[in-house]
file my_file-v8.txt (compact mmCIF, C-alpha atoms)
# COMPACT_ATOMS: atom_id res chain seq x y z
CA MET A 1 -32.22 -73.08 118.26
CA LEU A 2 -34.99 -71.01 116.61
CA VAL A 3 -37.59 -72.89 118.64
CA GLU A 4 -35.71 -72.05 121.84
CA LEU A 5 -35.29 -68.38 120.94
CA MET A 6 -38.77 -67.81 119.49
CA PRO A 7 -41.62 -69.36 121.47
CA ASN A 8 -44.10 -68.21 118.81
CA ILE A 9 -42.75 -70.70 116.23
CA ILE A 10 -45.16 -73.54 115.49
CA GLY A 11 -43.95 -76.48 113.39
CA GLY A 12 -45.68 -79.39 111.76
CA SER A 13 -45.90 -81.80 108.87
CA ALA A 14 -48.54 -83.48 106.74
CA ASP A 15 -47.83 -87.01 108.00
CA LEU A 16 -44.17 -86.84 106.88
CA SER A 17 -42.39 -85.64 110.03
CA ALA A 18 -39.61 -88.24 109.83
CA SER A 19 -39.12 -87.85 106.06
CA ASN A 20 -39.09 -84.04 106.18
CA ASN A 21 -36.91 -83.96 109.32
CA VAL A 22 -38.99 -81.10 110.72
CA PHE A 23 -39.70 -82.73 114.10
CA ILE A 24 -36.69 -81.70 116.18
CA GLY A 25 -35.50 -82.32 119.72
CA LYS A 26 -37.35 -79.33 121.15
CA SER A 27 -40.61 -80.14 119.35
CA VAL A 28 -43.57 -80.83 121.64
CA PRO A 29 -46.71 -82.15 119.91
CA ILE A 30 -49.96 -80.28 120.43
CA ALA A 31 -52.68 -82.70 121.52
CA LYS A 32 -56.40 -82.48 122.26
CA ASP A 33 -55.65 -82.35 125.98
CA ASN A 34 -52.45 -80.29 125.77
CA PHE A 35 -52.19 -77.04 123.82
CA ASN A 36 -48.84 -76.05 125.31
CA GLY A 37 -46.83 -77.69 122.53
CA ASN A 38 -45.18 -76.23 119.44
CA TYR A 39 -45.72 -78.93 116.83
CA ILE A 40 -48.83 -80.10 114.96
CA TYR A 41 -49.35 -83.53 113.42
CA TYR A 42 -51.57 -82.47 110.52
CA GLY A 43 -52.13 -85.94 109.07
CA ILE A 44 -52.36 -86.47 105.32
CA ARG A 45 -53.90 -83.03 104.87
CA GLU A 46 -51.52 -80.83 102.91
CA HIS A 47 -54.08 -78.18 102.05
CA ALA A 48 -55.46 -78.07 105.58
CA MET A 49 -51.93 -77.74 106.97
CA SER A 50 -51.17 -74.77 104.72
CA ALA A 51 -54.49 -73.09 105.45
CA ILE A 52 -54.04 -73.55 109.21
CA MET A 53 -50.55 -72.06 108.95
CA ASN A 54 -52.10 -68.96 107.36
CA GLY A 55 -54.41 -68.69 110.34
CA LEU A 56 -51.53 -69.12 112.75
CA ALA A 57 -49.55 -66.38 110.98
CA LEU A 58 -52.53 -64.04 111.23
CA SER A 59 -52.64 -64.81 114.97
CA GLY A 60 -49.04 -63.79 115.61
CA PHE A 61 -47.24 -67.10 115.23
CA VAL A 62 -44.48 -68.00 112.79
CA PRO A 63 -45.57 -71.37 111.39
CA TYR A 64 -43.50 -73.82 109.37
CA GLY A 65 -44.80 -77.01 107.84
CA GLY A 66 -43.36 -79.80 105.76
CA THR A 67 -44.34 -82.16 102.98
CA PHE A 68 -42.86 -83.42 99.69
CA LEU A 69 -42.44 -80.87 96.91
CA VAL A 70 -44.66 -82.87 94.56
CA PHE A 71 -47.50 -82.48 97.08
CA SER A 72 -47.27 -78.69 96.94
CA ASP A 73 -50.06 -79.03 94.35
CA TYR A 74 -52.43 -79.79 97.23
CA CYS A 75 -51.14 -76.76 99.16
CA ARG A 76 -51.29 -74.33 96.26
CA PRO A 77 -54.53 -72.42 97.02
CA ALA A 78 -53.37 -71.73 100.57
CA ILE A 79 -49.82 -70.88 99.42
CA ARG A 80 -51.30 -68.41 96.96
CA LEU A 81 -53.36 -66.80 99.71
CA SER A 82 -50.41 -66.51 102.09
CA ALA A 83 -48.52 -64.72 99.30
CA MET A 84 -51.51 -62.51 98.54
CA MET A 85 -51.94 -61.58 102.21
CA GLY A 86 -48.21 -61.14 102.83
CA LEU A 87 -48.05 -63.67 105.66
CA HIS A 88 -44.87 -64.84 107.36
CA VAL A 89 -45.33 -68.54 106.64
CA ILE A 90 -42.46 -70.94 105.95
CA TYR A 91 -43.07 -74.00 103.79
CA ILE A 92 -40.58 -76.87 103.90
CA MET A 93 -40.75 -78.95 100.71
CA THR A 94 -38.37 -81.92 100.60
CA HIS A 95 -37.75 -84.69 98.06
CA ASP A 96 -37.33 -81.97 95.46
CA SER A 97 -36.31 -83.76 92.25
CA ILE A 98 -35.77 -86.95 90.29
CA GLY A 99 -33.33 -87.78 93.10
CA VAL A 100 -36.35 -89.35 94.79
CA GLY A 101 -35.46 -92.28 92.53
CA GLU A 102 -37.41 -95.48 93.11
CA ASP A 103 -40.59 -93.66 94.17
CA GLY A 104 -41.03 -93.00 90.46
CA PRO A 105 -42.62 -90.24 88.40
CA THR A 106 -45.63 -89.77 90.68
CA HIS A 107 -43.27 -88.50 93.40
CA GLN A 108 -40.69 -86.76 91.19
CA PRO A 109 -41.49 -83.04 90.85
CA ILE A 110 -40.77 -81.62 87.40
CA GLU A 111 -42.94 -78.57 86.79
CA HIS A 112 -43.31 -77.59 90.44
CA LEU A 113 -40.34 -75.26 90.86
CA ALA A 114 -41.34 -73.22 87.81
CA SER A 115 -44.97 -72.98 88.87
CA LEU A 116 -44.11 -71.96 92.43
CA ARG A 117 -41.57 -69.38 91.26
CA ALA A 118 -44.39 -67.88 89.20
CA ILE A 119 -46.48 -67.06 92.29
CA PRO A 120 -46.10 -63.35 93.12
CA ASN A 121 -44.66 -62.50 96.54
CA LEU A 122 -43.50 -66.05 97.26
CA PHE A 123 -39.77 -66.50 97.90
CA VAL A 124 -38.68 -69.95 96.75
CA PHE A 125 -35.33 -71.03 98.22
CA ARG A 126 -33.49 -74.07 96.85
CA PRO A 127 -30.22 -74.19 98.82
CA ALA A 128 -27.27 -76.24 97.61
CA ASP A 129 -25.89 -77.54 100.91
CA ALA A 130 -26.21 -77.23 104.67
CA TYR A 131 -24.46 -73.86 104.78
CA GLU A 132 -26.74 -72.34 102.16
CA THR A 133 -29.71 -73.87 103.97
CA ILE A 134 -28.78 -72.05 107.17
CA GLU A 135 -28.49 -68.77 105.28
CA CYS A 136 -31.79 -69.34 103.47
CA TRP A 137 -33.48 -70.00 106.81
CA ARG A 138 -32.00 -66.78 108.15
CA ILE A 139 -33.25 -64.78 105.17
CA ALA A 140 -36.68 -66.44 105.29
CA MET A 141 -37.02 -65.48 108.95
CA SER A 142 -36.19 -61.88 108.07
CA ILE A 143 -38.83 -61.64 105.30
CA GLN A 144 -41.89 -60.96 107.41
CA ASP A 145 -44.26 -59.62 104.75
CA ALA A 146 -44.24 -62.66 102.45
CA PRO A 147 -44.16 -66.45 102.68
CA SER A 148 -40.98 -68.37 102.00
CA MET A 149 -40.47 -71.91 100.78
CA LEU A 150 -37.38 -74.01 101.42
CA VAL A 151 -37.02 -76.68 98.74
CA LEU A 152 -34.69 -79.43 99.93
CA SER A 153 -33.32 -82.68 98.55
CA ARG A 154 -33.88 -86.24 99.65
CA GLN A 155 -30.41 -87.44 98.66
CA ASP A 156 -27.19 -86.45 100.36
CA VAL A 157 -25.35 -83.46 98.91
CA ASP A 158 -21.71 -82.39 99.06
CA PHE A 159 -20.46 -79.55 101.22
CA PHE A 160 -18.82 -77.27 98.68
CA SER A 161 -17.86 -74.50 101.07
CA ASN A 162 -17.83 -73.72 104.76
CA ILE A 163 -18.13 -70.01 104.03
CA VAL A 164 -21.18 -68.64 102.26
CA SER A 165 -20.68 -65.37 100.38
CA ASP A 166 -22.49 -62.30 101.65
CA ASP A 167 -23.86 -62.07 98.10
CA ILE A 168 -26.32 -64.89 98.84
CA VAL A 169 -28.77 -62.16 99.90
CA ASN A 170 -28.89 -61.21 96.21
CA GLY A 171 -30.35 -64.62 95.38
CA ALA A 172 -27.52 -65.75 93.08
CA TYR A 173 -23.76 -65.64 93.53
CA VAL A 174 -20.55 -67.13 92.19
CA VAL A 175 -19.76 -70.20 94.25
CA HIS A 176 -16.93 -71.63 92.14
CA ALA A 177 -14.66 -70.41 89.34
CA THR A 178 -11.87 -72.13 87.45
CA SER A 179 -10.33 -68.86 86.25
CA SER A 180 -10.41 -65.15 86.97
CA ARG A 181 -11.72 -64.64 83.42
CA PRO A 182 -14.30 -67.38 82.83
CA VAL A 183 -16.05 -67.58 79.48
CA VAL A 184 -18.81 -70.02 80.45
CA GLY A 185 -21.40 -69.31 83.14
CA ILE A 186 -23.12 -72.32 84.69
CA PHE A 187 -26.32 -71.48 86.55
CA SER A 188 -27.77 -74.02 88.96
CA SER A 189 -29.61 -74.45 92.24
CA GLY A 190 -30.01 -76.88 95.09
CA SER A 191 -28.55 -80.37 94.90
CA ASP A 192 -27.63 -79.73 91.24
CA VAL A 193 -24.94 -77.18 92.18
CA ALA A 194 -22.49 -79.96 93.08
CA MET A 195 -22.96 -81.37 89.57
CA ALA A 196 -22.42 -77.91 88.07
CA ILE A 197 -19.13 -77.63 89.95
CA SER A 198 -18.08 -81.05 88.61
CA VAL A 199 -18.91 -79.86 85.08
CA ALA A 200 -16.82 -76.71 85.57
CA ASN A 201 -13.85 -78.75 86.78
CA GLU A 202 -14.19 -81.18 83.87
CA LEU A 203 -14.26 -78.30 81.37
CA SER A 204 -11.13 -76.84 82.90
CA GLU A 205 -9.10 -79.99 83.44
CA SER A 206 -9.97 -81.84 80.22
CA PHE A 207 -10.66 -79.04 77.73
CA CYS A 208 -9.03 -75.87 79.11
CA ILE A 209 -12.37 -74.07 78.94
CA TYR A 210 -12.85 -71.93 82.01
CA SER A 211 -16.12 -71.25 83.72
CA LYS A 212 -17.83 -70.01 86.82
CA VAL A 213 -20.70 -71.64 88.68
CA ILE A 214 -23.51 -69.40 89.86
CA SER A 215 -25.57 -70.88 92.66
CA CYS A 216 -29.13 -69.52 92.46
CA PRO A 217 -30.84 -70.35 95.75
CA CYS A 218 -33.57 -67.71 95.28
CA LEU A 219 -34.40 -66.18 91.92
CA GLU A 220 -36.94 -63.86 93.52
CA LEU A 221 -34.14 -62.20 95.47
CA PHE A 222 -32.06 -62.03 92.29
CA ASP A 223 -34.96 -60.20 90.64
CA GLU A 224 -34.65 -57.55 93.35
CA ALA A 225 -30.87 -57.20 93.06
CA GLY A 226 -29.47 -54.05 91.47
CA ASP A 227 -28.37 -53.87 87.85
CA VAL A 228 -24.72 -53.41 88.80
CA TYR A 229 -24.74 -56.67 90.75
CA LYS A 230 -26.57 -58.53 87.98
CA ASP A 231 -24.07 -57.25 85.42
CA SER A 232 -21.21 -58.56 87.55
CA ILE A 233 -22.73 -62.04 87.46
CA PHE A 234 -22.91 -62.08 83.65
CA GLU A 235 -19.58 -60.32 83.08
CA ASP A 236 -17.29 -61.95 80.46
CA ILE A 237 -19.69 -64.87 79.90
CA LYS A 238 -19.85 -65.96 76.25
CA LEU A 239 -21.96 -69.09 76.83
CA LYS A 240 -24.65 -69.52 79.47
CA VAL A 241 -25.55 -72.98 80.77
CA VAL A 242 -28.37 -73.99 83.12
CA ILE A 243 -28.32 -77.24 85.10
CA GLU A 244 -31.47 -77.97 87.08
CA SER A 245 -33.24 -81.31 87.43
CA ALA A 246 -36.63 -79.76 86.76
CA SER A 247 -38.48 -77.94 83.99
CA GLU A 248 -36.46 -75.31 82.15
CA TYR A 249 -39.53 -73.05 82.08
CA GLY A 250 -38.70 -69.57 83.38
CA TRP A 251 -34.92 -69.74 83.05
CA SER A 252 -34.84 -67.87 79.72
CA LYS A 253 -35.81 -64.73 81.66
CA TYR A 254 -32.31 -64.80 83.16
CA VAL A 255 -30.09 -66.45 80.56
CA GLY A 256 -31.87 -65.71 77.28
CA ASN A 257 -33.01 -68.06 74.55
CA ASN A 258 -29.55 -69.13 73.36
CA ALA A 259 -28.44 -70.71 76.63
CA MET A 260 -27.83 -74.44 76.93
CA MET A 261 -30.51 -76.01 79.13
CA PHE A 262 -29.76 -79.24 80.96
CA CYS A 263 -33.18 -79.62 82.52
CA ILE A 264 -36.12 -82.04 82.36
CA ASP A 265 -39.28 -81.38 80.40
CA SER A 266 -40.92 -84.79 80.69
CA PHE A 267 -42.16 -86.81 83.62
CA GLY A 268 -39.56 -88.73 85.60
CA VAL A 269 -38.84 -92.45 85.65
CA SER A 270 -38.46 -95.04 88.37
CA GLY A 271 -34.97 -96.23 89.23
CA LYS A 272 -31.97 -95.65 91.43
CA CYS A 273 -31.08 -91.99 91.86
CA GLU A 274 -27.85 -92.16 89.86
CA ASP A 275 -29.46 -94.18 87.08
CA VAL A 276 -32.31 -91.71 86.73
CA TYR A 277 -29.91 -88.77 86.44
CA ASN A 278 -27.91 -90.62 83.78
CA TYR A 279 -31.13 -91.46 81.92
CA PHE A 280 -31.83 -87.74 81.54
CA GLY A 281 -28.24 -86.94 80.58
CA LEU A 282 -27.56 -85.13 83.83
CA ASN A 283 -24.01 -86.39 84.13
CA PRO A 284 -20.95 -84.12 84.47
CA LYS A 285 -18.95 -85.73 81.65
CA ILE A 286 -21.91 -85.80 79.25
CA ILE A 287 -22.78 -82.17 79.98
CA ALA A 288 -19.15 -81.04 79.67
CA GLU A 289 -18.78 -82.73 76.28
CA ARG A 290 -21.93 -81.07 74.96
CA VAL A 291 -20.80 -77.68 76.26
CA VAL A 292 -17.46 -78.13 74.50
CA GLU A 293 -19.21 -78.95 71.21
CA ARG A 294 -21.39 -75.86 71.50
CA PHE A 295 -18.57 -73.59 72.63
CA ILE A 296 -16.21 -74.63 69.84
CA GLY A 297 -18.99 -74.36 67.28
CA ALA A 298 -19.79 -70.82 68.44
CA ARG A 299 -16.23 -69.55 67.96
call {"tool": "encode", "arguments": {"input": "my_file-v8.txt", "output": "structure tokens"}}
result
Amino acid sequence: MLVELMPNIIGGSADLSASNNVFIGKSVPIAKDNFNGNYIYYGIREHAMSAIMNGLALSGFVPYGGTFLVFSDYCRPAIRLSAMMGLHVIYIMTHDSIGVGEDGPTHQPIEHLASLRAIPNLFVFRPADAYETIECWRIAMSIQDAPSMLVLSRQDVDFFSNIVSDDIVNGAYVVHATSSRPVVGIFSSGSDVAMAISVANELSESFCIYSKVISCPCLELFDEAGDVYKDSIFEDIKLKVVIESASEYGWSKYVGNNAMMFCIDSFGVSGKCEDVYNYFGLNPKIIAERVVERFIGAR
């Protein structure tokens, strides 16, 4: 629909069009004898793709380009420049976690989210499902003085709601609560939010410990939210928990040093998606049991 409404949108991918799902029905490839298209096959040239998108943005286009998140390392100098110059560029980074599975540690991003979130003036979106993805696209299109990055999963994810809260514009919002007075706050993003919801339900149903799940699709937007809104997110929380299948680096800024971190601070392993998550202890029952131990011990 965006392509139909905005003829200045130019898409593309670094030889991963089918994997990134960025080549859509209205995409028309640009070729050496036809410049009337709206899609560029960049080849295996992640840095060149990102640099060309900067040029397109400077020329009045709104470019988007896709590759795997782990390959953002090749794009980094150009991403940094688009942030420095305040360009309306949209990066699509898929295959965002250990959920890549059998491709192994070379293709499983660990430190990438933290390092990209550290780039000034770059809005990193990691939506939890299709509905959040639509909203993140909408917000990214509205941010015209900075680049945005949509970080998406390879594996299927659950639809946890057909209504996205208006609070998503604040970068983090309560997506699920097992009580009106929760005592545990579970912070998560992307495909890990479904797991966080399962943990919250397990805590409630098996241990009568009530919690709320805070989906954090964009921490940069949360940084810009007002203090009153931030206080409402942390209200009544006695124990903070983070679930994200990536490095924990940077989360202490939001949850402090005493939070429980269910993250990954080593390289990944090769195996089926579910097996890899279990290997790292990212399993709802395991997490819930550890939260219970910590919560009871803190009383």
call {"tool": "closest_residue", "arguments": {"input": "my_file-v8.txt", "among": "A:Phe35, A:Phe234, A:Trp137, A:Tyr42", "to": "A:Phe125", "atoms": "all atoms listed in the file"}}
result
A:Trp137
call {"tool": "closest_residue", "arguments": {"input": "my_file-v8.txt", "among": "A:Glu135, A:Met93, A:Asn36, A:Asn54", "to": "A:Ser17", "atoms": "all atoms listed in the file"}}
result
A:Met93
call {"tool": "closest_atom_pairs", "arguments": {"input": "my_file-v8.txt", "of": "stretch 141-166 of chain A", "to": "stretch 63-74 of chain A", "cutoff": "12 Å", "atoms": "all atoms listed in the file", "output": "tab-separated table"}}
result
residue	atom	partner	partner_atom	distance
A:Met141	CA	A:Tyr64	CA	10.6
A:Gln144	CA	A:Pro63	CA	11.7
A:Pro147	CA	A:Tyr64	CA	10.0
A:Ser148	CA	A:Tyr64	CA	9.5
A:Met149	CA	A:Tyr64	CA	9.3
A:Leu150	CA	A:Gly66	CA	9.4
A:Val151	CA	A:Leu69	CA	7.1
A:Leu152	CA	A:Leu69	CA	8.4
A:Ser153	CA	A:Leu69	CA	9.4
A:Arg154	CA	A:Phe68	CA	9.4
call {"tool": "closest_atom_pairs", "arguments": {"input": "my_file-v8.txt", "of": "stretch 116-203 of chain A", "to": "stretch 210-228 of chain A", "cutoff": "7 Å", "atoms": "only C-alpha atoms", "output": "JSON lines"}}
result
{"residue": "A:Phe123", "atom": "CA", "partner": "A:Glu220", "partner_atom": "CA", "distance": 5.8}
{"residue": "A:Val124", "atom": "CA", "partner": "A:Cys218", "partner_atom": "CA", "distance": 5.8}
{"residue": "A:Phe125", "atom": "CA", "partner": "A:Cys218", "partner_atom": "CA", "distance": 4.8}
{"residue": "A:Arg126", "atom": "CA", "partner": "A:Pro217", "partner_atom": "CA", "distance": 4.7}
{"residue": "A:Pro127", "atom": "CA", "partner": "A:Pro217", "partner_atom": "CA", "distance": 5.0}
{"residue": "A:Val169", "atom": "CA", "partner": "A:Leu221", "partner_atom": "CA", "distance": 7.0}
{"residue": "A:Asn170", "atom": "CA", "partner": "A:Phe222", "partner_atom": "CA", "distance": 5.1}
{"residue": "A:Gly171", "atom": "CA", "partner": "A:Phe222", "partner_atom": "CA", "distance": 4.4}
{"residue": "A:Ala172", "atom": "CA", "partner": "A:Cys216", "partner_atom": "CA", "distance": 4.1}
{"residue": "A:Tyr173", "atom": "CA", "partner": "A:Ile214", "partner_atom": "CA", "distance": 5.3}
{"residue": "A:Val174", "atom": "CA", "partner": "A:Ile214", "partner_atom": "CA", "distance": 4.4}
{"residue": "A:Val175", "atom": "CA", "partner": "A:Ile214", "partner_atom": "CA", "distance": 5.8}
{"residue": "A:His176", "atom": "CA", "partner": "A:Val213", "partner_atom": "CA", "distance": 5.1}
{"residue": "A:Ala177", "atom": "CA", "partner": "A:Lys212", "partner_atom": "CA", "distance": 4.1}
{"residue": "A:Thr178", "atom": "CA", "partner": "A:Tyr210", "partner_atom": "CA", "distance": 5.5}
{"residue": "A:Ser179", "atom": "CA", "partner": "A:Tyr210", "partner_atom": "CA", "distance": 5.8}
{"residue": "A:Pro182", "atom": "CA", "partner": "A:Ser211", "partner_atom": "CA", "distance": 4.4}
{"residue": "A:Val183", "atom": "CA", "partner": "A:Ser211", "partner_atom": "CA", "distance": 5.6}
{"residue": "A:Val184", "atom": "CA", "partner": "A:Ser211", "partner_atom": "CA", "distance": 4.4}
{"residue": "A:Gly185", "atom": "CA", "partner": "A:Lys212", "partner_atom": "CA", "distance": 5.2}
{"residue": "A:Ile186", "atom": "CA", "partner": "A:Val213", "partner_atom": "CA", "distance": 4.7}
{"residue": "A:Phe187", "atom": "CA", "partner": "A:Ile214", "partner_atom": "CA", "distance": 4.8}
{"residue": "A:Ser188", "atom": "CA", "partner": "A:Ser215", "partner_atom": "CA", "distance": 5.3}
{"residue": "A:Ser189", "atom": "CA", "partner": "A:Cys216", "partner_atom": "CA", "distance": 5.0}
{"residue": "A:Gly190", "atom": "CA", "partner": "A:Pro217", "partner_atom": "CA", "distance": 6.6}
{"residue": "A:Val193", "atom": "CA", "partner": "A:Ser215", "partner_atom": "CA", "distance": 6.3}
{"residue": "A:Ala196", "atom": "CA", "partner": "A:Val213", "partner_atom": "CA", "distance": 6.5}
{"residue": "A:Ile197", "atom": "CA", "partner": "A:Val213", "partner_atom": "CA", "distance": 6.3}
{"residue": "A:Ala200", "atom": "CA", "partner": "A:Ser211", "partner_atom": "CA", "distance": 5.8}
{"residue": "A:Leu203", "atom": "CA", "partner": "A:Tyr210", "partner_atom": "CA", "distance": 6.6}
call {"tool": "write_last_selection", "arguments": {"input": "my_file-v8.txt", "atoms": "C-alpha atoms", "output": "tab-separated table (two decimals), in the frame of the given file"}}
result
chain	number	residue	atom	x	y	z
A	123	PHE	CA	-39.77	-66.50	97.90
A	124	VAL	CA	-38.68	-69.95	96.75
A	125	PHE	CA	-35.33	-71.03	98.22
A	126	ARG	CA	-33.49	-74.07	96.85
A	127	PRO	CA	-30.22	-74.19	98.82
A	169	VAL	CA	-28.77	-62.16	99.90
A	170	ASN	CA	-28.89	-61.21	96.21
A	171	GLY	CA	-30.35	-64.62	95.38
A	172	ALA	CA	-27.52	-65.75	93.08
A	173	TYR	CA	-23.76	-65.64	93.53
A	174	VAL	CA	-20.55	-67.13	92.19
A	175	VAL	CA	-19.76	-70.20	94.25
A	176	HIS	CA	-16.93	-71.63	92.14
A	177	ALA	CA	-14.66	-70.41	89.34
A	178	THR	CA	-11.87	-72.13	87.45
A	179	SER	CA	-10.33	-68.86	86.25
A	182	PRO	CA	-14.30	-67.38	82.83
A	183	VAL	CA	-16.05	-67.58	79.48
A	184	VAL	CA	-18.81	-70.02	80.45
A	185	GLY	CA	-21.40	-69.31	83.14
A	186	ILE	CA	-23.12	-72.32	84.69
A	187	PHE	CA	-26.32	-71.48	86.55
A	188	SER	CA	-27.77	-74.02	88.96
A	189	SER	CA	-29.61	-74.45	92.24
A	190	GLY	CA	-30.01	-76.88	95.09
A	193	VAL	CA	-24.94	-77.18	92.18
A	196	ALA	CA	-22.42	-77.91	88.07
A	197	ILE	CA	-19.13	-77.63	89.95
A	200	ALA	CA	-16.82	-76.71	85.57
A	203	LEU	CA	-14.26	-78.30	81.37
call {"tool": "residues_around", "arguments": {"input": "my_file-v8.txt", "residues": "A:Ala114", "least_positions_apart": "6", "cutoff": "7 Å", "atoms": "all atoms listed in the file", "output": "list in words"}}
result
Ser247, Tyr249 and Gly250 of chain A
call {"tool": "closest_residue", "arguments": {"input": "my_file-v8.txt", "among": "A:Asp33, A:Glu111, A:Glu46, A:Asp129", "to": "A:Leu16", "atoms": "all atoms listed in the file"}}
result
A:Glu46
call {"tool": "closest_residue", "arguments": {"input": "my_file-v8.txt", "among": "A:Asn38, A:Asn20, A:Ser142, A:Ser50", "to": "A:Asp96", "atoms": "only C-alpha atoms"}}
result
A:Asn20
call {"tool": "closest_residue", "arguments": {"input": "my_file-v8.txt", "among": "A:Asn283, A:Ser97, A:Ser204, A:Asn121", "to": "A:Phe267", "atoms": "all atoms listed in the file"}}
result
A:Ser97
